[in-house]
$ cat data-v5.cif   # mmCIF, C-alpha atoms
data_run
loop_
_atom_site.label_atom_id
_atom_site.label_comp_id
_atom_site.auth_asym_id
_atom_site.auth_seq_id
_atom_site.Cartn_x
_atom_site.Cartn_y
_atom_site.Cartn_z
CA MET A 630 125.24 146.90 83.22
CA LYS A 631 124.25 143.36 82.18
CA THR A 632 121.89 141.01 84.05
CA ASP A 633 122.44 137.90 81.96
CA TRP A 634 122.99 134.30 83.08
CA LEU A 635 126.60 135.07 84.04
CA SER A 636 125.39 137.74 86.43
CA TRP A 637 122.89 135.34 88.01
CA ALA A 638 125.56 132.63 88.21
CA GLY A 639 127.80 135.09 90.06
CA VAL A 640 125.00 135.85 92.53
CA ALA A 641 124.36 132.13 93.11
CA GLY A 642 128.05 131.43 93.62
CA LEU A 643 128.48 134.29 96.08
CA THR A 644 125.40 133.16 98.01
CA MET A 645 126.71 129.62 98.42
CA ILE A 646 130.27 130.67 99.27
CA TRP A 647 129.53 133.55 101.63
CA GLY A 648 126.58 131.77 103.23
CA ALA A 649 128.93 129.00 104.34
CA SER A 650 131.47 131.46 105.73
CA PHE A 651 129.45 132.10 108.91
CA ALA A 652 129.44 128.43 109.94
CA LEU A 653 133.11 128.09 109.00
CA THR A 654 133.94 131.17 111.10
CA GLU A 655 132.25 129.65 114.12
CA VAL A 656 134.32 126.48 113.68
CA ALA A 657 137.56 128.43 113.19
CA LEU A 658 136.92 130.50 116.34
CA ARG A 659 137.26 127.31 118.38
CA GLY A 660 141.00 127.46 117.77
CA PHE A 661 141.84 131.06 116.84
CA HIS A 662 141.46 134.52 118.34
CA PRO A 663 139.13 136.76 116.27
CA MET A 664 141.96 139.01 115.10
CA ALA A 665 144.18 136.03 114.27
CA LEU A 666 141.28 134.56 112.29
CA ALA A 667 140.62 137.80 110.39
CA THR A 668 144.32 138.22 109.64
CA GLY A 669 144.71 134.59 108.56
CA ARG A 670 141.78 134.90 106.16
CA VAL A 671 143.17 138.01 104.52
CA CYS A 672 146.77 136.76 104.34
CA LEU A 673 145.76 133.42 102.83
CA ALA A 674 143.60 135.23 100.30
CA ALA A 675 146.49 137.54 99.46
CA CYS A 676 148.79 134.56 98.81
CA ALA A 677 146.18 132.93 96.57
CA MET A 678 145.51 136.11 94.62
CA LEU A 679 149.20 136.99 94.21
CA LEU A 680 149.64 133.54 92.67
CA ALA A 681 146.61 134.10 90.44
CA ALA A 682 147.96 137.49 89.35
CA ARG A 683 151.27 135.86 88.42
CA ILE A 684 149.72 132.89 86.57
CA THR A 685 147.19 134.95 84.60
CA GLY A 686 149.67 137.70 83.84
CA ALA A 687 147.28 140.33 85.22
CA GLY A 688 149.93 141.61 87.61
CA LEU A 689 149.58 144.00 90.53
CA PRO A 690 148.13 147.53 90.50
CA VAL A 691 150.24 150.17 88.79
CA GLY A 692 150.51 153.75 89.91
CA ARG A 693 149.42 155.62 93.01
CA ALA A 694 145.75 155.91 91.97
CA GLN A 695 145.27 152.17 91.53
CA TRP A 696 147.07 151.30 94.77
CA ARG A 697 145.07 153.92 96.67
CA ALA A 698 141.79 152.53 95.35
CA CYS A 699 142.78 148.94 96.16
CA GLY A 700 143.93 149.98 99.63
CA ILE A 701 140.62 151.67 100.45
CA LEU A 702 138.69 148.71 99.04
CA GLY A 703 140.79 146.32 101.13
CA VAL A 704 139.90 148.23 104.29
CA PHE A 705 136.14 148.25 103.72
CA SER A 706 135.71 144.85 102.05
CA LEU A 707 138.18 142.82 104.11
CA ALA A 708 139.99 144.29 107.11
CA VAL A 709 137.07 146.03 108.84
CA PRO A 710 134.18 143.57 108.23
CA PHE A 711 136.27 140.45 108.90
CA SER A 712 137.52 141.85 112.20
CA LEU A 713 134.03 142.91 113.29
CA LEU A 714 132.36 139.66 112.27
CA SER A 715 135.05 137.46 113.82
CA TRP A 716 134.69 139.27 117.12
CA GLY A 717 130.89 139.38 116.96
CA GLN A 718 130.46 135.69 116.21
CA GLN A 719 131.97 134.84 119.57
CA PHE A 720 128.65 135.92 121.07
CA VAL A 721 126.00 135.52 118.34
CA ASP A 722 125.11 132.43 116.29
CA SER A 723 126.23 132.18 112.68
CA SER A 724 122.61 132.36 111.48
CA ILE A 725 122.03 135.62 113.40
CA ALA A 726 125.24 137.17 112.07
CA SER A 727 124.13 136.33 108.53
CA ILE A 728 120.83 138.19 109.04
CA PHE A 729 122.76 141.33 109.92
CA ILE A 730 124.70 140.98 106.68
CA ALA A 731 121.33 140.79 104.92
CA GLY A 732 121.11 144.49 105.73
CA THR A 733 123.99 145.25 103.37
CA PRO A 734 121.64 146.06 100.43
CA LEU A 735 119.97 148.72 102.59
CA PHE A 736 123.29 150.49 103.02
CA ILE A 737 124.02 150.05 99.30
CA LEU A 738 120.67 151.65 98.45
CA ALA A 739 121.38 154.73 100.56
CA LEU A 740 125.01 155.01 99.50
CA SER A 741 124.08 154.63 95.81
CA ARG A 742 122.03 157.80 96.16
CA PHE A 743 124.64 159.89 97.92
CA ALA A 744 127.87 158.50 96.41
CA LEU A 745 126.76 157.62 92.87
CA GLY A 746 123.83 159.98 92.45
CA ASP A 747 121.42 157.16 91.59
CA PRO A 748 117.80 158.31 91.81
CA ILE A 749 115.75 156.69 94.59
CA ARG A 750 111.93 156.77 94.53
CA PRO A 751 109.79 157.29 97.65
CA ARG A 752 108.78 153.62 97.38
CA GLN A 753 112.43 152.62 97.75
CA TRP A 754 112.88 154.86 100.78
CA GLY A 755 109.84 153.20 102.29
CA GLY A 756 111.43 149.80 101.74
CA PHE A 757 114.63 151.09 103.30
CA ALA A 758 112.70 152.20 106.41
CA ILE A 759 111.01 148.80 106.81
CA GLY A 760 114.24 146.90 106.31
CA PHE A 761 116.17 149.12 108.69
CA LEU A 762 113.43 148.58 111.29
CA GLY A 763 114.23 144.86 111.03
CA LEU A 764 117.88 145.56 111.74
CA VAL A 765 116.98 147.70 114.75
CA TRP A 766 114.67 144.94 116.01
CA LEU A 767 117.49 142.42 115.71
CA VAL A 768 119.95 144.66 117.56
CA ASP A 769 117.34 145.06 120.34
CA PRO A 770 118.40 148.54 121.48
CA GLY A 771 117.81 149.35 125.12
CA PRO A 772 119.48 150.57 128.28
CA ALA A 773 121.62 147.40 128.50
CA LEU A 774 122.80 147.49 124.87
CA PHE A 775 126.34 148.60 125.74
CA GLU A 776 126.50 146.66 128.99
CA ASN A 777 126.80 143.13 127.62
CA SER A 778 128.78 141.34 124.94
CA ASN A 779 125.70 140.28 122.97
CA GLY A 780 124.64 143.88 122.37
CA LEU A 781 128.11 144.96 121.32
CA ALA A 782 128.41 141.90 119.07
CA ALA A 783 125.15 142.86 117.35
CA LEU A 784 126.51 146.35 116.70
CA ALA A 785 129.75 144.83 115.38
CA CYS A 786 127.80 142.70 112.89
CA LEU A 787 125.78 145.75 111.85
CA GLY A 788 129.01 147.66 111.31
CA ALA A 789 130.29 144.84 109.11
CA ALA A 790 127.16 145.10 106.95
CA ALA A 791 127.69 148.84 106.55
CA SER A 792 131.33 148.25 105.62
CA TYR A 793 130.34 145.72 102.94
CA GLY A 794 127.89 148.25 101.55
CA CYS A 795 130.66 150.83 101.26
CA ALA A 796 132.89 148.27 99.52
CA SER A 797 130.27 147.57 96.84
CA ILE A 798 130.03 151.27 96.04
CA LEU A 799 133.82 151.62 95.97
CA VAL A 800 134.07 148.93 93.30
CA ARG A 801 132.00 151.13 90.99
CA LEU A 802 134.24 154.12 91.68
CA MET A 803 137.57 152.35 91.17
CA PRO A 804 139.74 153.14 88.13
CA PRO A 805 139.64 150.49 85.36
CA MET A 806 141.81 147.46 86.07
CA HIS A 807 141.74 143.68 85.67
CA PRO A 808 139.59 141.91 88.31
CA VAL A 809 142.54 139.76 89.37
CA THR A 810 144.72 142.86 89.71
CA ALA A 811 142.13 144.69 91.83
CA THR A 812 141.52 141.67 94.05
CA ALA A 813 145.22 140.97 94.53
CA GLY A 814 145.89 144.61 95.38
CA SER A 815 143.04 144.86 97.90
CA THR A 816 143.88 141.57 99.66
CA LEU A 817 147.56 142.48 99.82
CA THR A 818 146.98 145.90 101.35
CA ALA A 819 144.41 144.50 103.80
CA SER A 820 146.83 141.77 104.90
CA LEU A 821 149.56 144.33 105.58
CA LEU A 822 147.09 146.37 107.64
CA THR A 823 145.81 143.47 109.77
CA LEU A 824 149.08 141.52 110.13
CA PRO A 825 150.42 143.40 113.21
CA PHE A 826 147.16 142.79 115.08
CA GLY A 827 146.99 139.14 114.07
CA LEU A 828 150.56 138.46 115.21
CA MET A 829 149.65 139.77 118.67
CA HIS A 830 147.01 137.04 119.05
CA LEU A 831 148.58 133.91 117.61
CA PRO A 832 147.55 130.69 119.43
CA GLU A 833 150.13 129.29 121.83
CA ALA A 834 149.67 125.78 120.43
CA LEU A 835 148.55 124.49 117.04
CA PRO A 836 144.73 124.22 117.08
CA LEU A 837 142.83 121.08 116.17
CA ALA A 838 142.38 120.05 112.55
CA ALA A 839 138.81 121.38 112.19
CA PRO A 840 139.60 125.05 113.02
CA VAL A 841 142.73 124.96 110.86
CA LEU A 842 140.82 123.51 107.90
CA ALA A 843 138.03 126.04 108.37
CA LEU A 844 140.58 128.87 108.32
CA LEU A 845 142.21 127.55 105.15
CA VAL A 846 138.86 127.34 103.34
CA LEU A 847 137.83 130.78 104.60
CA GLY A 848 141.06 132.30 103.38
CA VAL A 849 141.35 130.75 99.93
CA LEU A 850 137.72 130.25 98.87
CA GLN A 851 135.49 132.56 100.93
CA THR A 852 137.94 135.46 100.85
CA GLY A 853 140.26 135.20 97.85
CA LEU A 854 138.17 133.62 95.11
CA ALA A 855 134.92 135.17 96.37
CA GLN A 856 136.44 138.66 96.22
CA LEU A 857 137.36 138.01 92.61
CA LEU A 858 133.86 136.74 91.83
CA ARG A 859 132.23 139.74 93.54
CA TYR A 860 134.42 142.20 91.68
CA PHE A 861 133.51 140.57 88.36
CA THR A 862 129.78 140.44 89.14
CA VAL A 863 129.54 144.04 90.43
CA LYS A 864 131.39 145.33 87.39
CA ARG A 865 129.06 143.32 85.12
CA ALA A 866 125.69 143.90 86.77
CA GLY A 867 126.16 146.76 89.25
CA PRO A 868 126.10 146.86 93.08
CA VAL A 869 122.31 147.11 93.41
CA PHE A 870 121.77 143.89 91.43
CA VAL A 871 124.49 142.05 93.34
CA SER A 872 122.94 143.23 96.62
CA ILE A 873 120.36 140.44 96.22
CA VAL A 874 123.08 138.18 97.65
CA GLY A 875 122.59 139.90 101.00
CA TYR A 876 119.14 138.48 101.64
CA LEU A 877 119.78 135.07 100.06
CA ILE A 878 122.78 134.41 102.31
CA PRO A 879 120.82 134.09 105.60
CA ILE A 880 118.65 131.30 104.17
CA TRP A 881 121.69 129.20 103.26
CA ALA A 882 123.55 130.17 106.44
CA ALA A 883 120.56 129.20 108.60
CA ILE A 884 120.31 125.79 106.91
CA LEU A 885 124.01 125.13 107.53
CA GLY A 886 123.77 126.39 111.11
CA ILE A 887 120.80 124.17 111.91
CA VAL A 888 122.20 121.05 110.22
CA PHE A 889 125.86 121.24 111.25
CA LEU A 890 125.98 123.48 114.34
CA ALA A 891 122.63 122.60 115.99
CA GLU A 892 121.58 126.25 116.04
CA THR A 893 117.95 127.19 116.68
CA PRO A 894 117.14 130.68 115.37
CA GLY A 895 114.24 132.08 117.39
CA TRP A 896 111.13 134.01 116.43
CA ARG A 897 112.87 137.36 116.94
CA ALA A 898 115.45 136.51 114.27
CA ALA A 899 112.73 135.25 111.92
CA LEU A 900 110.71 138.45 112.33
CA ALA A 901 113.76 140.63 111.81
CA TYR A 902 114.67 138.73 108.66
CA GLY A 903 111.08 139.03 107.41
CA LEU A 904 111.13 142.80 107.87
CA ILE A 905 114.50 143.12 106.15
CA VAL A 906 113.46 141.01 103.16
CA SER A 907 110.09 142.80 102.92
CA GLY A 908 111.85 146.13 102.85
CA LEU A 909 114.30 144.94 100.23
CA LEU A 910 111.57 143.53 98.01
CA LEU A 911 109.57 146.73 98.31
CA SER A 912 112.59 148.82 97.36
CA ARG A 913 113.36 146.63 94.36
CA THR A 914 109.84 146.11 92.95
CA ALA A 915 108.48 148.67 90.53
CA PRO A 916 104.94 149.88 91.26
CA THR A 917 102.19 148.33 89.13
CA ARG A 918 100.80 150.58 86.42
CA HIS A 919 97.04 150.44 85.90
CA LYS A 920 95.72 150.97 82.41
#
$ encode --input "data-v5.cif" --output "structure tokens"
Amino acid sequence: MKTDWLSWAGVAGLTMIWGASFALTEVALRGFHPMALATGRVCLAACAMLLAARITGAGLPVGRAQWRACGILGVFSLAVPFSLLSWGQQFVDSSIASIFIAGTPLFILALSRFALGDPIRPRQWGGFAIGFLGLVWLVDPGPALFENSNGLAALACLGAAASYGCASILVRLMPPMHPVTATAGSTLTASLLTLPFGLMHLPEALPLAAPVLALLVLGVLQTGLAQLLRYFTVKRAGPVFVSIVGYLIPIWAAILGIVFLAETPGWRAALAYGLIVSGLLLSRTAPTRHK
């Protein structure tokens, strides 16, 4: 694993691209059903990546093992989280949804231990507990959690974060293949999986220009090219290093939400984000050695 300037550039690029996706999703939802939006994102990304695979000569996956790996990755990195986030953002602000995604590194930390066998120190488990407390605080569990759309939307966003965490681990476990090949295969299989559901919820009339443009950008840039960049960065630096993106995204997403969508994240969101980041920093920082 390398943590050179290319790895840091990948993290910065993913932060900027994915941080903007929450605001773009909110705009796109003004003209599209959540499932139509999720399907459109994946299908547009698949078209872009199939073209990239043809131009670069990387081609599509070969053999049952490669297609199986790409199919599973497509489910956890695209189909499931996009569907959950698109539905959830009908009821929660883009800045709040991004804080839930900040919890992705917590899931990566736990899954790295059980799926990859990576050793985890007690200090890291302590950080995990603090960060997960922030997620619980943001969900606001209580008797009415399942009785209103806001509570269910919070759980949907949390499920998306867990799905992203699984996807990062799956990248490490995939058989060797070109990044373009892996990305094209995963977007293609995810588009085939979501297409029937998206066709059931097509808009009756062509939406306004802003939602259409937001969908196009989400599909080509935030989904297609970002998947390629994530695959490259995880392969180069590992999923734990790339997980730093998870708690940088909410800062950028909040700025965009405040400036362009007039959102006002409250103190509860700020406290939850503080707990999540504190837990992440604790789990990533080595204890000081006294001489």
$ residues_near_point --input "data-v5.cif" --point "(143.7, 145.1, 81.0)" --cutoff "8 Å" --atoms "only C-alpha atoms" --output "PDB file with C-alpha atoms, in the frame of the given file"
ATOM      1  CA  ALA A 687     147.280 140.330  85.220  1.00  0.00           C
ATOM      2  CA  MET A 806     141.810 147.460  86.070  1.00  0.00           C
ATOM      3  CA  HIS A 807     141.740 143.680  85.670  1.00  0.00           C
TER       4      HIS A 807
END
$ residues_around --input "data-v5.cif" --residues "Val871 of chain A" --least-positions-apart "2" --cutoff "9 Å" --atoms "all atoms listed in the file" --output "VMD selection string"
chain A and resid 636 to 637 639 to 640 734 797 859 862 to 863 866 to 869 873 to 875
$ resolve_selection --input "data-v5.cif" --expression "the PyMOL selection byres ((chain A and resi 740) around 12)" --output "ChimeraX atom specification"
/A:733-739,741-749,757,791-799,801,868-869
$ write_last_selection --input "data-v5.cif" --atoms "C-alpha atoms" --output "PDB file, in the coordinates of the input"
ATOM      1  CA  THR A 733     123.990 145.250 103.370  1.00  0.00           C
ATOM      2  CA  PRO A 734     121.640 146.060 100.430  1.00  0.00           C
ATOM      3  CA  LEU A 735     119.970 148.720 102.590  1.00  0.00           C
ATOM      4  CA  PHE A 736     123.290 150.490 103.020  1.00  0.00           C
ATOM      5  CA  ILE A 737     124.020 150.050  99.300  1.00  0.00           C
ATOM      6  CA  LEU A 738     120.670 151.650  98.450  1.00  0.00           C
ATOM      7  CA  ALA A 739     121.380 154.730 100.560  1.00  0.00           C
ATOM      8  CA  SER A 741     124.080 154.630  95.810  1.00  0.00           C
ATOM      9  CA  ARG A 742     122.030 157.800  96.160  1.00  0.00           C
ATOM     10  CA  PHE A 743     124.640 159.890  97.920  1.00  0.00           C
ATOM     11  CA  ALA A 744     127.870 158.500  96.410  1.00  0.00           C
ATOM     12  CA  LEU A 745     126.760 157.620  92.870  1.00  0.00           C
ATOM     13  CA  GLY A 746     123.830 159.980  92.450  1.00  0.00           C
ATOM     14  CA  ASP A 747     121.420 157.160  91.590  1.00  0.00           C
ATOM     15  CA  PRO A 748     117.800 158.310  91.810  1.00  0.00           C
ATOM     16  CA  ILE A 749     115.750 156.690  94.590  1.00  0.00           C
ATOM     17  CA  PHE A 757     114.630 151.090 103.300  1.00  0.00           C
ATOM     18  CA  ALA A 791     127.690 148.840 106.550  1.00  0.00           C
ATOM     19  CA  SER A 792     131.330 148.250 105.620  1.00  0.00           C
ATOM     20  CA  TYR A 793     130.340 145.720 102.940  1.00  0.00           C
ATOM     21  CA  GLY A 794     127.890 148.250 101.550  1.00  0.00           C
ATOM     22  CA  CYS A 795     130.660 150.830 101.260  1.00  0.00           C
ATOM     23  CA  ALA A 796     132.890 148.270  99.520  1.00  0.00           C
ATOM     24  CA  SER A 797     130.270 147.570  96.840  1.00  0.00           C
ATOM     25  CA  ILE A 798     130.030 151.270  96.040  1.00  0.00           C
ATOM     26  CA  LEU A 799     133.820 151.620  95.970  1.00  0.00           C
ATOM     27  CA  ARG A 801     132.000 151.130  90.990  1.00  0.00           C
ATOM     28  CA  PRO A 868     126.100 146.860  93.080  1.00  0.00           C
ATOM     29  CA  VAL A 869     122.310 147.110  93.410  1.00  0.00           C
TER      30      VAL A 869
END
$ closest_atom_pairs --input "data-v5.cif" --of "segment 634-731 of chain A" --to "segment 842-854 of chain A" --cutoff "9 Å" --atoms "all atoms listed in the file" --output "CSV"
residue,atom,partner,partner_atom,distance
A:Leu643,CA,A:Gln851,CA,8.7
A:Ile646,CA,A:Gln851,CA,5.8
A:Trp647,CA,A:Gln851,CA,6.1
A:Ala649,CA,A:Gln851,CA,8.2
A:Ser650,CA,A:Gln851,CA,6.4
A:Leu653,CA,A:Ala843,CA,5.4
A:Thr654,CA,A:Ala843,CA,7.1
A:Glu655,CA,A:Ala843,CA,8.9
A:Val656,CA,A:Ala843,CA,6.5
A:Ala657,CA,A:Ala843,CA,5.4
A:Leu658,CA,A:Leu844,CA,9.0
A:Phe661,CA,A:Leu844,CA,8.9
A:Leu666,CA,A:Leu844,CA,7.0
A:Ala667,CA,A:Gly848,CA,8.9
A:Gly669,CA,A:Gly848,CA,6.7
A:Arg670,CA,A:Gly848,CA,3.9
A:Val671,CA,A:Gly848,CA,6.2
A:Cys672,CA,A:Gly848,CA,7.3
A:Leu673,CA,A:Gly848,CA,4.9
A:Ala674,CA,A:Gly853,CA,4.1
A:Ala675,CA,A:Gly853,CA,6.8
A:Cys676,CA,A:Val849,CA,8.4
A:Ala677,CA,A:Val849,CA,6.3
A:Met678,CA,A:Gly853,CA,6.2
A:Leu707,CA,A:Thr852,CA,8.1
$ atom_distance --input "data-v5.cif" --atom1 "atom CA of Leu828 of chain A" --atom2 "atom CA of Thr668 of chain A"
8.4 Å
$ resolve_selection --input "data-v5.cif" --expression "the PyMOL selection byres ((chain A and resi 902-911) around 6)" --output "ChimeraX atom specification"
/A:756-757,759-760,763,899-901,912-914
$ atom_distance --input "data-v5.cif" --atom1 "atom CA of Glu833 of chain A" --atom2 "atom CA of Asn777 of chain A"
27.7 Å
$ closest_residue --input "data-v5.cif" --among "A:Asn779, A:Ser723, A:Thr816, A:Ser872" --to "Ile887 of chain A" --atoms "all atoms listed in the file"
A:Ser723
$ atom_distance --input "data-v5.cif" --atom1 "atom CA of Leu824 of chain A" --atom2 "atom CA of Leu713 of chain A"
15.4 Å
$ closest_residue --input "data-v5.cif" --among "A:Ala790, A:Leu689, A:Leu714, A:Leu762" --to "Met664 of chain A" --atoms "only C-alpha atoms"
A:Leu714
$ residues_near_point --input "data-v5.cif" --point "(130.1, 146.0, 115.1)" --cutoff "12 Å" --atoms "all atoms listed in the file" --output "PyMOL selection string"
chain A and resi 709-718+720-721+726+729-730+768+775+778-792
$ decode --input "data-v5.cif" --residues "segment 874-884 of chain A" --atoms "all heavy atoms" --output "PDB file, in the first residue's frame"
ATOM      1  N   VAL A 874     -11.986   9.974   3.408  1.00  0.00           N
ATOM      2  CA  VAL A 874     -12.953  10.699   2.579  1.00  0.00           C
ATOM      3  C   VAL A 874     -14.285  10.832   3.304  1.00  0.00           C
ATOM      4  O   VAL A 874     -14.970  11.853   3.199  1.00  0.00           O
ATOM      5  CB  VAL A 874     -13.147   9.977   1.227  1.00  0.00           C
ATOM      6  CG1 VAL A 874     -14.272  10.613   0.425  1.00  0.00           C
ATOM      7  CG2 VAL A 874     -11.855  10.013   0.423  1.00  0.00           C
ATOM      8  N   GLY A 875     -14.644   9.803   4.076  1.00  0.00           N
ATOM      9  CA  GLY A 875     -15.940   9.780   4.730  1.00  0.00           C
ATOM     10  C   GLY A 875     -16.175  10.953   5.657  1.00  0.00           C
ATOM     11  O   GLY A 875     -17.302  11.449   5.748  1.00  0.00           O
ATOM     12  N   TYR A 876     -15.155  11.409   6.385  1.00  0.00           N
ATOM     13  CA  TYR A 876     -15.415  12.529   7.284  1.00  0.00           C
ATOM     14  C   TYR A 876     -14.923  13.859   6.737  1.00  0.00           C
ATOM     15  O   TYR A 876     -15.048  14.901   7.388  1.00  0.00           O
ATOM     16  CB  TYR A 876     -14.861  12.276   8.697  1.00  0.00           C
ATOM     17  CG  TYR A 876     -13.395  11.993   8.835  1.00  0.00           C
ATOM     18  CD1 TYR A 876     -12.489  13.010   9.025  1.00  0.00           C
ATOM     19  CD2 TYR A 876     -12.931  10.687   8.852  1.00  0.00           C
ATOM     20  CE1 TYR A 876     -11.145  12.741   9.194  1.00  0.00           C
ATOM     21  CE2 TYR A 876     -11.589  10.412   9.023  1.00  0.00           C
ATOM     22  CZ  TYR A 876     -10.700  11.442   9.196  1.00  0.00           C
ATOM     23  OH  TYR A 876      -9.367  11.174   9.369  1.00  0.00           O
ATOM     24  N   LEU A 877     -14.402  13.883   5.511  1.00  0.00           N
ATOM     25  CA  LEU A 877     -14.155  15.153   4.828  1.00  0.00           C
ATOM     26  C   LEU A 877     -15.369  15.572   3.995  1.00  0.00           C
ATOM     27  O   LEU A 877     -15.630  16.758   3.809  1.00  0.00           O
ATOM     28  CB  LEU A 877     -12.931  15.022   3.914  1.00  0.00           C
ATOM     29  CG  LEU A 877     -11.584  14.815   4.603  1.00  0.00           C
ATOM     30  CD1 LEU A 877     -10.493  14.605   3.551  1.00  0.00           C
ATOM     31  CD2 LEU A 877     -11.243  15.993   5.498  1.00  0.00           C
ATOM     32  N   ILE A 878     -16.115  14.579   3.504  1.00  0.00           N
ATOM     33  CA  ILE A 878     -17.276  14.861   2.664  1.00  0.00           C
ATOM     34  C   ILE A 878     -18.302  15.771   3.344  1.00  0.00           C
ATOM     35  O   ILE A 878     -18.779  16.726   2.719  1.00  0.00           O
ATOM     36  CB  ILE A 878     -17.933  13.529   2.214  1.00  0.00           C
ATOM     37  CG1 ILE A 878     -17.116  12.903   1.078  1.00  0.00           C
ATOM     38  CG2 ILE A 878     -19.368  13.743   1.768  1.00  0.00           C
ATOM     39  CD1 ILE A 878     -17.623  11.547   0.627  1.00  0.00           C
ATOM     40  N   PRO A 879     -18.693  15.523   4.613  1.00  0.00           N
ATOM     41  CA  PRO A 879     -19.733  16.370   5.211  1.00  0.00           C
ATOM     42  C   PRO A 879     -19.370  17.850   5.270  1.00  0.00           C
ATOM     43  O   PRO A 879     -20.265  18.709   5.199  1.00  0.00           O
ATOM     44  CB  PRO A 879     -19.894  15.788   6.626  1.00  0.00           C
ATOM     45  CG  PRO A 879     -19.461  14.378   6.488  1.00  0.00           C
ATOM     46  CD  PRO A 879     -18.335  14.401   5.501  1.00  0.00           C
ATOM     47  N   ILE A 880     -18.085  18.165   5.411  1.00  0.00           N
ATOM     48  CA  ILE A 880     -17.688  19.577   5.458  1.00  0.00           C
ATOM     49  C   ILE A 880     -18.001  20.248   4.128  1.00  0.00           C
ATOM     50  O   ILE A 880     -18.625  21.323   4.071  1.00  0.00           O
ATOM     51  CB  ILE A 880     -16.191  19.697   5.787  1.00  0.00           C
ATOM     52  CG1 ILE A 880     -15.901  19.069   7.153  1.00  0.00           C
ATOM     53  CG2 ILE A 880     -15.746  21.150   5.747  1.00  0.00           C
ATOM     54  CD1 ILE A 880     -14.423  19.021   7.503  1.00  0.00           C
ATOM     55  N   TRP A 881     -17.591  19.605   3.036  1.00  0.00           N
ATOM     56  CA  TRP A 881     -17.847  20.156   1.708  1.00  0.00           C
ATOM     57  C   TRP A 881     -19.342  20.137   1.387  1.00  0.00           C
ATOM     58  O   TRP A 881     -19.877  21.105   0.824  1.00  0.00           O
ATOM     59  CB  TRP A 881     -17.060  19.367   0.681  1.00  0.00           C
ATOM     60  CG  TRP A 881     -17.194  19.820  -0.741  1.00  0.00           C
ATOM     61  CD1 TRP A 881     -17.591  19.081  -1.800  1.00  0.00           C
ATOM     62  CD2 TRP A 881     -16.886  21.119  -1.269  1.00  0.00           C
ATOM     63  NE1 TRP A 881     -17.571  19.816  -2.954  1.00  0.00           N
ATOM     64  CE2 TRP A 881     -17.144  21.079  -2.650  1.00  0.00           C
ATOM     65  CE3 TRP A 881     -16.430  22.303  -0.696  1.00  0.00           C
ATOM     66  CZ2 TRP A 881     -16.964  22.181  -3.487  1.00  0.00           C
ATOM     67  CZ3 TRP A 881     -16.245  23.411  -1.518  1.00  0.00           C
ATOM     68  CH2 TRP A 881     -16.510  23.342  -2.886  1.00  0.00           C
ATOM     69  N   ALA A 882     -20.021  19.060   1.754  1.00  0.00           N
ATOM     70  CA  ALA A 882     -21.461  18.959   1.490  1.00  0.00           C
ATOM     71  C   ALA A 882     -22.236  20.022   2.261  1.00  0.00           C
ATOM     72  O   ALA A 882     -23.204  20.596   1.736  1.00  0.00           O
ATOM     73  CB  ALA A 882     -21.964  17.562   1.858  1.00  0.00           C
ATOM     74  N   ALA A 883     -21.833  20.293   3.498  1.00  0.00           N
ATOM     75  CA  ALA A 883     -22.516  21.315   4.293  1.00  0.00           C
ATOM     76  C   ALA A 883     -22.324  22.700   3.678  1.00  0.00           C
ATOM     77  O   ALA A 883     -23.264  23.509   3.637  1.00  0.00           O
ATOM     78  CB  ALA A 883     -22.001  21.292   5.728  1.00  0.00           C
ATOM     79  N   ILE A 884     -21.116  22.983   3.213  1.00  0.00           N
ATOM     80  CA  ILE A 884     -20.859  24.280   2.569  1.00  0.00           C
ATOM     81  C   ILE A 884     -21.761  24.458   1.347  1.00  0.00           C
ATOM     82  O   ILE A 884     -22.398  25.505   1.161  1.00  0.00           O
ATOM     83  CB  ILE A 884     -19.376  24.395   2.173  1.00  0.00           C
ATOM     84  CG1 ILE A 884     -18.503  24.458   3.419  1.00  0.00           C
ATOM     85  CG2 ILE A 884     -19.146  25.622   1.294  1.00  0.00           C
ATOM     86  CD1 ILE A 884     -17.010  24.397   3.130  1.00  0.00           C
TER      87      ILE A 884
END
